[in-house]
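Content type PDB, C-alpha atoms, from the file coords.pdb:
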ATOM      1  CA  MET A  11       0.000   0.000   0.000
ATOM      2  CA  PRO A  12       1.521   3.369  -0.977
ATOM      3  CA  SER A  13       2.278   5.727   1.862
ATOM      4  CA  LEU A  14       0.500   9.056   2.215
ATOM      5  CA  PRO A  15       2.497  12.105   1.086
ATOM      6  CA  LYS A  16       4.054  14.179   3.832
ATOM      7  CA  PRO A  17       2.659  17.683   4.478
ATOM      8  CA  GLU A  18       5.795  19.364   3.117
ATOM      9  CA  GLU A  19       5.466  17.300  -0.080
ATOM     10  CA  GLN A  20       1.948  18.697  -0.565
ATOM     11  CA  GLY A  21       3.083  22.266  -0.074
ATOM     12  CA  LEU A  22       1.345  22.474   3.307
ATOM     13  CA  PRO A  23       2.916  24.282   6.285
ATOM     14  CA  VAL A  24       4.683  22.057   8.783
ATOM     15  CA  THR A  25       3.684  22.678  12.394
ATOM     16  CA  THR A  26       5.224  21.594  15.651
ATOM     17  CA  THR A  27       3.671  18.867  17.748
ATOM     18  CA  VAL A  28       1.074  20.067  20.245
ATOM     19  CA  ARG A  29       0.955  18.327  23.600
ATOM     20  CA  TRP A  30      -1.943  18.207  26.049
ATOM     21  CA  ARG A  31      -1.393  19.797  29.444
ATOM     22  CA  PHE A  32      -3.442  20.503  32.539
ATOM     23  CA  PRO A  33      -5.336  23.812  32.258
ATOM     24  CA  ALA A  34      -4.238  26.604  34.560
ATOM     25  CA  ILE A  35      -6.576  28.019  37.208
ATOM     26  CA  HIS A  36      -7.731  31.527  36.395
ATOM     27  CA  PRO A  37      -6.506  34.119  38.971
ATOM     28  CA  GLU A  38     -10.138  34.862  39.889
ATOM     29  CA  GLY A  39     -10.513  31.239  41.023
ATOM     30  CA  GLN A  40      -7.247  30.830  42.890
ATOM     31  CA  LYS A  41      -8.591  32.452  46.062
ATOM     32  CA  PHE A  42     -11.704  30.252  46.017
ATOM     33  CA  THR A  43      -9.597  27.143  45.544
ATOM     34  CA  ALA A  44      -7.341  28.210  48.446
ATOM     35  CA  ILE A  45     -10.378  28.835  50.681
ATOM     36  CA  ALA A  46     -11.855  25.438  49.830
ATOM     37  CA  PHE A  47      -8.536  23.718  50.535
ATOM     38  CA  GLY A  48      -8.157  25.608  53.819
ATOM     39  CA  ILE A  49     -11.618  24.497  54.940
ATOM     40  CA  THR A  50     -10.695  20.933  53.969
ATOM     41  CA  LEU A  51      -7.590  20.986  56.173
ATOM     42  CA  LEU A  52      -9.451  22.600  59.061
ATOM     43  CA  MET A  53     -12.308  20.102  59.001
ATOM     44  CA  THR A  54      -9.857  17.205  58.653
ATOM     45  CA  ILE A  55      -8.342  18.269  61.985
ATOM     46  CA  VAL A  56     -11.828  17.989  63.499
ATOM     47  CA  HIS A  57     -12.402  14.552  61.979
ATOM     48  CA  ASN A  58     -10.664  12.835  59.073
ATOM     49  CA  ILE A  59     -14.017  11.609  57.734
ATOM     50  CA  PHE A  60     -14.447  15.081  56.198
ATOM     51  CA  PHE A  61     -11.259  14.944  54.131
ATOM     52  CA  TRP A  62     -12.342  13.145  50.984
ATOM     53  CA  PRO A  63     -15.728  14.868  50.474
ATOM     54  CA  LEU A  64     -14.191  18.305  51.031
ATOM     55  CA  PHE A  65     -11.109  17.474  48.979
ATOM     56  CA  GLY A  66     -13.438  16.469  46.151
ATOM     57  CA  LEU A  67     -15.194  19.831  46.510
ATOM     58  CA  THR A  68     -11.826  21.587  46.324
ATOM     59  CA  LEU A  69     -10.986  19.767  43.095
ATOM     60  CA  TRP A  70     -14.356  20.791  41.647
ATOM     61  CA  VAL A  71     -13.754  24.458  42.525
ATOM     62  CA  ALA A  72     -10.344  24.297  40.852
ATOM     63  CA  ALA A  73     -11.873  22.628  37.792
ATOM     64  CA  PHE A  74     -14.648  25.221  37.605
ATOM     65  CA  PHE A  75     -12.118  28.036  37.276
ATOM     66  CA  ARG A  76      -9.887  26.177  34.810
ATOM     67  CA  ASP A  77      -8.578  28.351  32.001
ATOM     68  CA  PRO A  78      -7.491  26.179  29.071
ATOM     69  CA  ILE A  79      -5.542  27.473  26.090
ATOM     70  CA  ARG A  80      -7.660  27.718  22.947
ATOM     71  CA  THR A  81      -6.765  27.973  19.246
ATOM     72  CA  THR A  82      -9.007  30.484  17.488
ATOM     73  CA  PRO A  83      -9.709  30.227  13.745
ATOM     74  CA  ARG A  84      -8.992  33.428  11.803
ATOM     75  CA  GLY A  85     -11.252  35.117   9.278
ATOM     76  CA  GLU A  86     -13.080  38.444   8.931
ATOM     77  CA  ASP A  87     -16.215  36.496   8.002
ATOM     78  CA  LEU A  88     -16.206  34.348  11.173
ATOM     79  CA  ILE A  89     -17.864  34.712  14.566
ATOM     80  CA  VAL A  90     -16.508  32.270  17.157
ATOM     81  CA  SER A  91     -18.355  31.152  20.255
ATOM     82  CA  PRO A  92     -17.755  33.341  23.321
ATOM     83  CA  ALA A  93     -18.696  30.498  25.687
ATOM     84  CA  ASP A  94     -18.327  26.779  26.316
ATOM     85  CA  GLY A  95     -21.611  24.934  26.580
ATOM     86  CA  LEU A  96     -24.736  23.677  24.863
ATOM     87  CA  VAL A  97     -26.405  25.547  22.012
ATOM     88  CA  THR A  98     -29.943  25.712  23.419
ATOM     89  CA  MET A  99     -31.670  28.375  21.307
ATOM     90  CA  ILE A 100     -31.380  29.845  17.808
ATOM     91  CA  ALA A 101     -34.116  32.378  17.125
ATOM     92  CA  GLU A 102     -34.902  35.686  15.461
ATOM     93  CA  VAL A 103     -35.586  38.186  18.252
ATOM     94  CA  PRO A 104     -35.903  41.942  18.841
ATOM     95  CA  VAL A 105     -32.677  43.752  19.712
ATOM     96  CA  PRO A 106     -32.428  44.472  23.478
ATOM     97  CA  ARG A 107     -33.429  48.080  24.096
ATOM     98  CA  GLU A 108     -30.033  48.809  25.662
ATOM     99  CA  LEU A 109     -28.318  47.914  22.356
ATOM    100  CA  ILE A 110     -30.588  49.638  19.827
ATOM    101  CA  GLY A 111     -28.311  52.682  19.741
ATOM    102  CA  GLU A 112     -25.422  50.534  18.480
ATOM    103  CA  LEU A 113     -27.226  47.786  16.544
ATOM    104  CA  GLY A 114     -30.411  49.445  15.306
ATOM    105  CA  ALA A 115     -33.977  48.226  15.804
ATOM    106  CA  GLU A 116     -34.111  45.446  13.197
ATOM    107  CA  ARG A 117     -34.695  41.921  14.508
ATOM    108  CA  LEU A 118     -31.537  39.783  14.653
ATOM    109  CA  THR A 119     -30.738  36.103  14.974
ATOM    110  CA  ARG A 120     -29.752  35.204  18.525
ATOM    111  CA  VAL A 121     -27.671  32.131  19.358
ATOM    112  CA  SER A 122     -27.734  31.095  23.023
ATOM    113  CA  VAL A 123     -25.037  28.953  24.655
ATOM    114  CA  PHE A 124     -25.902  27.507  28.071
ATOM    115  CA  MET A 125     -23.036  26.845  30.487
ATOM    116  CA  SER A 126     -23.550  24.209  33.168
ATOM    117  CA  VAL A 127     -21.512  24.191  36.379
ATOM    118  CA  PHE A 128     -19.184  21.673  34.707
ATOM    119  CA  ASP A 129     -18.269  23.883  31.734
ATOM    120  CA  VAL A 130     -15.369  26.311  31.468
ATOM    121  CA  HIS A 131     -16.757  29.720  32.466
ATOM    122  CA  ILE A 132     -14.167  32.017  30.890
ATOM    123  CA  ASN A 133     -15.872  34.034  28.138
ATOM    124  CA  ARG A 134     -14.015  35.125  25.017
ATOM    125  CA  ALA A 135     -14.405  37.768  22.326
ATOM    126  CA  PRO A 136     -16.304  36.414  19.287
ATOM    127  CA  ILE A 137     -14.432  38.678  16.827
ATOM    128  CA  ALA A 138     -11.430  40.970  16.731
ATOM    129  CA  GLY A 139     -12.203  44.659  17.052
ATOM    130  CA  THR A 140     -12.952  47.490  19.450
ATOM    131  CA  ILE A 141     -15.300  47.384  22.435
ATOM    132  CA  ARG A 142     -17.964  50.024  21.689
ATOM    133  CA  GLN A 143     -20.415  49.397  24.531
ATOM    134  CA  VAL A 144     -20.541  47.638  27.890
ATOM    135  CA  VAL A 145     -23.847  47.715  29.774
ATOM    136  CA  TYR A 146     -24.457  46.007  33.138
ATOM    137  CA  ILE A 147     -28.089  45.430  34.168
ATOM    138  CA  SER A 148     -29.142  44.111  37.571
ATOM    139  CA  GLY A 149     -31.985  41.601  37.609
ATOM    140  CA  LYS A 150     -33.321  38.256  38.738
ATOM    141  CA  PHE A 151     -31.620  34.865  38.938
ATOM    142  CA  LEU A 152     -34.032  32.678  36.968
ATOM    143  CA  ASN A 153     -32.977  29.477  35.249
ATOM    144  CA  ALA A 154     -30.649  30.716  32.485
ATOM    145  CA  ASP A 155     -32.097  28.060  30.158
ATOM    146  CA  LEU A 156     -35.405  29.977  29.997
ATOM    147  CA  ASP A 157     -35.996  32.363  27.109
ATOM    148  CA  LYS A 158     -37.164  35.165  29.430
ATOM    149  CA  ALA A 159     -33.801  35.110  31.213
ATOM    150  CA  SER A 160     -32.546  37.346  28.375
ATOM    151  CA  GLU A 161     -34.855  40.101  29.636
ATOM    152  CA  ASP A 162     -35.304  39.401  33.354
ATOM    153  CA  ASN A 163     -31.970  38.116  34.673
ATOM    154  CA  GLU A 164     -28.880  39.986  35.781
ATOM    155  CA  ARG A 165     -26.823  40.450  32.621
ATOM    156  CA  GLN A 166     -24.032  42.354  30.917
ATOM    157  CA  HIS A 167     -24.015  43.391  27.258
ATOM    158  CA  PHE A 168     -20.930  43.878  25.101
ATOM    159  CA  VAL A 169     -20.773  45.343  21.606
ATOM    160  CA  VAL A 170     -17.619  44.784  19.527
ATOM    161  CA  GLU A 171     -17.035  46.598  16.260
ATOM    162  CA  GLY A 172     -14.940  44.512  13.909
ATOM    163  CA  HIS A 173     -12.296  45.748  11.502
ATOM    164  CA  ASN A 174     -14.854  45.387   8.683
ATOM    165  CA  GLY A 175     -17.256  47.767  10.466
ATOM    166  CA  ARG A 176     -19.713  45.038  11.504
ATOM    167  CA  LYS A 177     -20.909  45.168  15.105
ATOM    168  CA  ILE A 178     -21.425  41.994  17.152
ATOM    169  CA  ALA A 179     -23.284  42.034  20.456
ATOM    170  CA  PHE A 180     -23.111  39.317  23.076
ATOM    171  CA  THR A 181     -24.574  39.115  26.560
ATOM    172  CA  GLN A 182     -23.469  37.393  29.751
ATOM    173  CA  ILE A 183     -26.566  36.230  31.635
ATOM    174  CA  ALA A 184     -26.619  35.078  35.263
ATOM    175  CA  GLY A 185     -28.421  31.848  36.147
ATOM    176  CA  LEU A 186     -29.894  30.102  39.174
ATOM    177  CA  VAL A 187     -26.585  29.783  41.012
ATOM    178  CA  ALA A 188     -24.564  32.462  39.211
ATOM    179  CA  ARG A 189     -24.088  35.379  41.550
ATOM    180  CA  ARG A 190     -21.436  37.446  39.849
ATOM    181  CA  ILE A 191     -20.848  38.548  36.279
ATOM    182  CA  MET A 192     -17.373  39.877  35.563
ATOM    183  CA  GLY A 193     -15.977  41.743  32.578
ATOM    184  CA  PHE A 194     -12.250  42.113  31.879
ATOM    185  CA  VAL A 195     -12.604  44.818  29.212
ATOM    186  CA  LYS A 196     -13.976  48.358  28.943
ATOM    187  CA  VAL A 197     -15.203  50.666  26.203
ATOM    188  CA  GLY A 198     -12.400  51.578  23.821
ATOM    189  CA  ASP A 199     -10.329  48.438  24.409
ATOM    190  CA  MET A 200      -9.003  46.563  21.381
ATOM    191  CA  VAL A 201      -9.593  42.811  21.540
ATOM    192  CA  ALA A 202      -8.476  39.844  19.485
ATOM    193  CA  ALA A 203     -10.858  37.086  18.464
ATOM    194  CA  GLY A 204     -10.829  34.502  21.237
ATOM    195  CA  GLN A 205      -9.367  36.893  23.824
ATOM    196  CA  ARG A 206     -10.604  36.446  27.399
ATOM    197  CA  ILE A 207     -13.165  39.170  28.092
ATOM    198  CA  GLY A 208     -15.096  37.992  31.145
ATOM    199  CA  LEU A 209     -16.244  35.327  33.568
ATOM    200  CA  ILE A 210     -19.521  34.245  35.136
ATOM    201  CA  ARG A 211     -19.575  32.400  38.462
ATOM    202  CA  PHE A 212     -21.361  29.406  38.672
ATOM    203  CA  GLY A 213     -23.602  28.322  35.753
ATOM    204  CA  SER A 214     -25.168  30.717  33.275
ATOM    205  CA  ARG A 215     -25.678  31.616  29.605
ATOM    206  CA  VAL A 216     -24.239  33.763  26.829
ATOM    207  CA  ASP A 217     -26.363  35.173  23.976
ATOM    208  CA  VAL A 218     -24.803  36.257  20.686
ATOM    209  CA  TYR A 219     -26.668  38.590  18.304
ATOM    210  CA  LEU A 220     -25.658  37.967  14.702
ATOM    211  CA  PRO A 221     -25.577  40.948  12.324
ATOM    212  CA  ALA A 222     -27.443  40.827   9.019
ATOM    213  CA  GLY A 223     -25.688  38.617   6.478
ATOM    214  CA  TYR A 224     -24.342  36.135   9.035
ATOM    215  CA  SER A 225     -25.802  32.627   9.326
ATOM    216  CA  PRO A 226     -25.494  30.178  12.242
ATOM    217  CA  GLN A 227     -22.929  27.430  11.720
ATOM    218  CA  VAL A 228     -24.025  25.428  14.771
ATOM    219  CA  ALA A 229     -27.113  23.321  15.391
ATOM    220  CA  LEU A 230     -29.405  23.045  18.399
ATOM    221  CA  GLY A 231     -27.983  20.578  20.901
ATOM    222  CA  GLN A 232     -24.418  21.009  19.639
ATOM    223  CA  ARG A 233     -21.674  21.734  22.152
ATOM    224  CA  ALA A 234     -19.667  24.901  21.562
ATOM    225  CA  ILE A 235     -16.114  25.622  22.674
ATOM    226  CA  ALA A 236     -15.263  29.234  23.526
ATOM    227  CA  GLY A 237     -12.725  30.762  21.184
ATOM    228  CA  GLU A 238     -12.748  27.759  18.838
ATOM    229  CA  THR A 239     -16.206  26.801  17.571
ATOM    230  CA  VAL A 240     -17.326  28.831  14.554
ATOM    231  CA  LEU A 241     -20.741  30.086  15.641
ATOM    232  CA  ALA A 242     -21.625  31.990  12.467
ATOM    233  CA  ARG A 243     -20.198  32.913   9.076
ATOM    234  CA  ALA A 244     -20.943  35.757   6.672
ATOM    235  CA  GLY A 245     -22.662  34.746   3.442
ATOM    236  CA  ALA A 246     -22.939  31.083   4.439
ATOM    237  CA  ILE A 247     -25.895  28.714   4.428
ATOM    238  CA  PRO A 248     -27.289  27.961   7.928
ATOM    239  CA  VAL A 249     -26.384  24.451   9.088
ATOM    240  CA  SER A 250     -28.717  21.883  10.563
ATOM    241  CA  GLY A 251     -27.916  18.896  12.744
ATOM    242  CA  VAL A 252     -29.191  15.492  13.762
ATOM    243  CA  THR A 253     -29.401  14.366  17.391
ATOM    244  CA  GLN A 254     -28.177  10.777  17.631
TER     245      GLN A 254
END

Can the structure in the file be given as structure tokens, please?
Amino acid sequence: MPSLPKPEEQGLPVTTTVRWRFPAIHPEGQKFTAIAFGITLLMTIVHNIFFWPLFGLTLWVAAFFRDPIRTTPRGEDLIVSPADGLVTMIAEVPVPRELIGELGAERLTRVSVFMSVFDVHINRAPIAGTIRQVVYISGKFLNADLDKASEDNERQHFVVEGHNGRKIAFTQIAGLVARRIMGFVKVGDMVAAGQRIGLIRFGSRVDVYLPAGYSPQVALGQRAIAGETVLARAGAIPVSGVTQ
């Protein structure tokens, strides 16, 4: 059987080998991990029966705040997912009133990614560009999987203007157990696609509003990876999927 041609023989770039490694803990989570570990040691002094359950809790806290390295695809026509999680809704909806000034009043396609307490909760910029708007809104803590969470829950909007002039809005939404939404960027900041822009503590959702001309490239029930999964593409045909 003939061997396959090597990449260099096909004129393809040769890359170095990539090795898997344990994700780092985000600085925001280091203090929580230290507190959990301290409680574990303290309770173990009281009785060693507490060690394994509390040590397991400490490992979960560390895992919750894990911050893996991601490889972001490049392309002016691409929108990458800002969150890890399950694609739970794809719908045409009115633009949130707080964003009409930047996006206009036309209805847009919204893609919602739900993050469980087991997903990575670092959020990333969906495109490269400039942060044009950041709006924090206090609210309720309903189940983030509900459609009305987009209007009722505590949330934070971001609008990024890309180098091609297109504006992408995405929203961090608190959930049942999420009690703090954090943003790492401010208006005027330049961001790269896939750059870390925020964090939500403990289980929540991110909505992405696609500008006209962009079509979803994910299907309902698909899992998205922040900074890697192509969520939408300009001028493309919307994809569909099969649950199996």

Give me the residues near segment 175-180 of chain A as a list in words, where near means some atom within 6 Å (using all atoms listed in the file) and where sequence neighbours in that chain fewer than 5 positions away do not count.
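So, after excluding close chain neighbours, the residues are His167, Phe168, Val169, Val170, Asp217, Val218 and Tyr219 of chain A.
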
task = Mind checking which residues fall within 8 Å of Val103 of chain A, counting all atoms listed in the file, ignoring those fewer than 6 positions away in the same chain, and posting them as a VMD selection string?
result = chain A and resid 117 to 120

- prompt: Do you know which residues the PyMOL selection byres ((chain A and resi 132-139) around 6) returns on this file, as an MDAnalysis selection string?
  reply: chainID A and resid 89:93 130:131 140 170:173 200:209 237

Selection above as a file: C-alpha atoms, as a CSV table (one decimal), in the coordinates of the input:
chain,number,residue,atom,x,y,z
A,89,ILE,CA,-17.9,34.7,14.6
A,90,VAL,CA,-16.5,32.3,17.2
A,91,SER,CA,-18.4,31.2,20.3
A,92,PRO,CA,-17.8,33.3,23.3
A,93,ALA,CA,-18.7,30.5,25.7
A,130,VAL,CA,-15.4,26.3,31.5
A,131,HIS,CA,-16.8,29.7,32.5
A,140,THR,CA,-13.0,47.5,19.4
A,170,VAL,CA,-17.6,44.8,19.5
A,171,GLU,CA,-17.0,46.6,16.3
A,172,GLY,CA,-14.9,44.5,13.9
A,173,HIS,CA,-12.3,45.7,11.5
A,200,MET,CA,-9.0,46.6,21.4
A,201,VAL,CA,-9.6,42.8,21.5
A,202,ALA,CA,-8.5,39.8,19.5
A,203,ALA,CA,-10.9,37.1,18.5
A,204,GLY,CA,-10.8,34.5,21.2
A,205,GLN,CA,-9.4,36.9,23.8
A,206,ARG,CA,-10.6,36.4,27.4
A,207,ILE,CA,-13.2,39.2,28.1
A,208,GLY,CA,-15.1,38.0,31.1
A,209,LEU,CA,-16.2,35.3,33.6
A,237,GLY,CA,-12.7,30.8,21.2

If we count all atoms listed in the file and set the cut-off at 12 Å, which residues sit around Glu38 of chain A, ignoring sequence neighbours fewer than 6 positions away in its own chain? Please answer as a ChimeraX atom specification. /A:44,71-72,74-77,131-132,190-194,208-211

Once you have the residues from the selection above, write them out as a PDB file, keeping the file's coordinate frame, restricted to C-alpha atoms.
ATOM      1  CA  ALA A  44      -7.341  28.210  48.446  1.00  0.00           C
ATOM      2  CA  VAL A  71     -13.754  24.458  42.525  1.00  0.00           C
ATOM      3  CA  ALA A  72     -10.344  24.297  40.852  1.00  0.00           C
ATOM      4  CA  PHE A  74     -14.648  25.221  37.605  1.00  0.00           C
ATOM      5  CA  PHE A  75     -12.118  28.036  37.276  1.00  0.00           C
ATOM      6  CA  ARG A  76      -9.887  26.177  34.810  1.00  0.00           C
ATOM      7  CA  ASP A  77      -8.578  28.351  32.001  1.00  0.00           C
ATOM      8  CA  HIS A 131     -16.757  29.720  32.466  1.00  0.00           C
ATOM      9  CA  ILE A 132     -14.167  32.017  30.890  1.00  0.00           C
ATOM     10  CA  ARG A 190     -21.436  37.446  39.849  1.00  0.00           C
ATOM     11  CA  ILE A 191     -20.848  38.548  36.279  1.00  0.00           C
ATOM     12  CA  MET A 192     -17.373  39.877  35.563  1.00  0.00           C
ATOM     13  CA  GLY A 193     -15.977  41.743  32.578  1.00  0.00           C
ATOM     14  CA  PHE A 194     -12.250  42.113  31.879  1.00  0.00           C
ATOM     15  CA  GLY A 208     -15.096  37.992  31.145  1.00  0.00           C
ATOM     16  CA  LEU A 209     -16.244  35.327  33.568  1.00  0.00           C
ATOM     17  CA  ILE A 210     -19.521  34.245  35.136  1.00  0.00           C
ATOM     18  CA  ARG A 211     -19.575  32.400  38.462  1.00  0.00           C
TER      19      ARG A 211
END

request  = For atom CA of Glu116 of chain A and atom CA of Met99 of chain A, determine how far apart the two atoms are, in Å to one decimal place.
outcome  =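 Taking atom CA of Glu116 of chain A as the start and atom CA of Met99 of chain A as the end point, the length is 19.1 Å.
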
Here atom CA of Thr98 of chain A and atom CA of Leu67 of chain A stand apart by 28.0 Å

Check your understanding: What is the atom CA of Pro221 of chain A-atom CA of Asn163 of chain A distance in Å, reported with one decimal?
Key ->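 It comes out at 23.4 Å.
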
Pick the closest to Val144 of chain A from A:His36, A:Ser126, A:Phe65, A:Glu108: which is it, counting only C-alpha atoms?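 Answer, going by the shortest atom-to-atom distance: A:Glu108.
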
Query raised in the report: So which residues get picked by the PyMOL selection byres ((chain A and resi 46) around 12) here, written as a VMD selection string?
Result: chain A and resid 39 to 45 47 to 53 61 63 to 72

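Taken over the whole file, the PyMOL selection byres ((chain A and resi 253) around 9) covers exactly Leu230, Gly231, Gln232, Gly251, Val252 and Gln254 of chain A.
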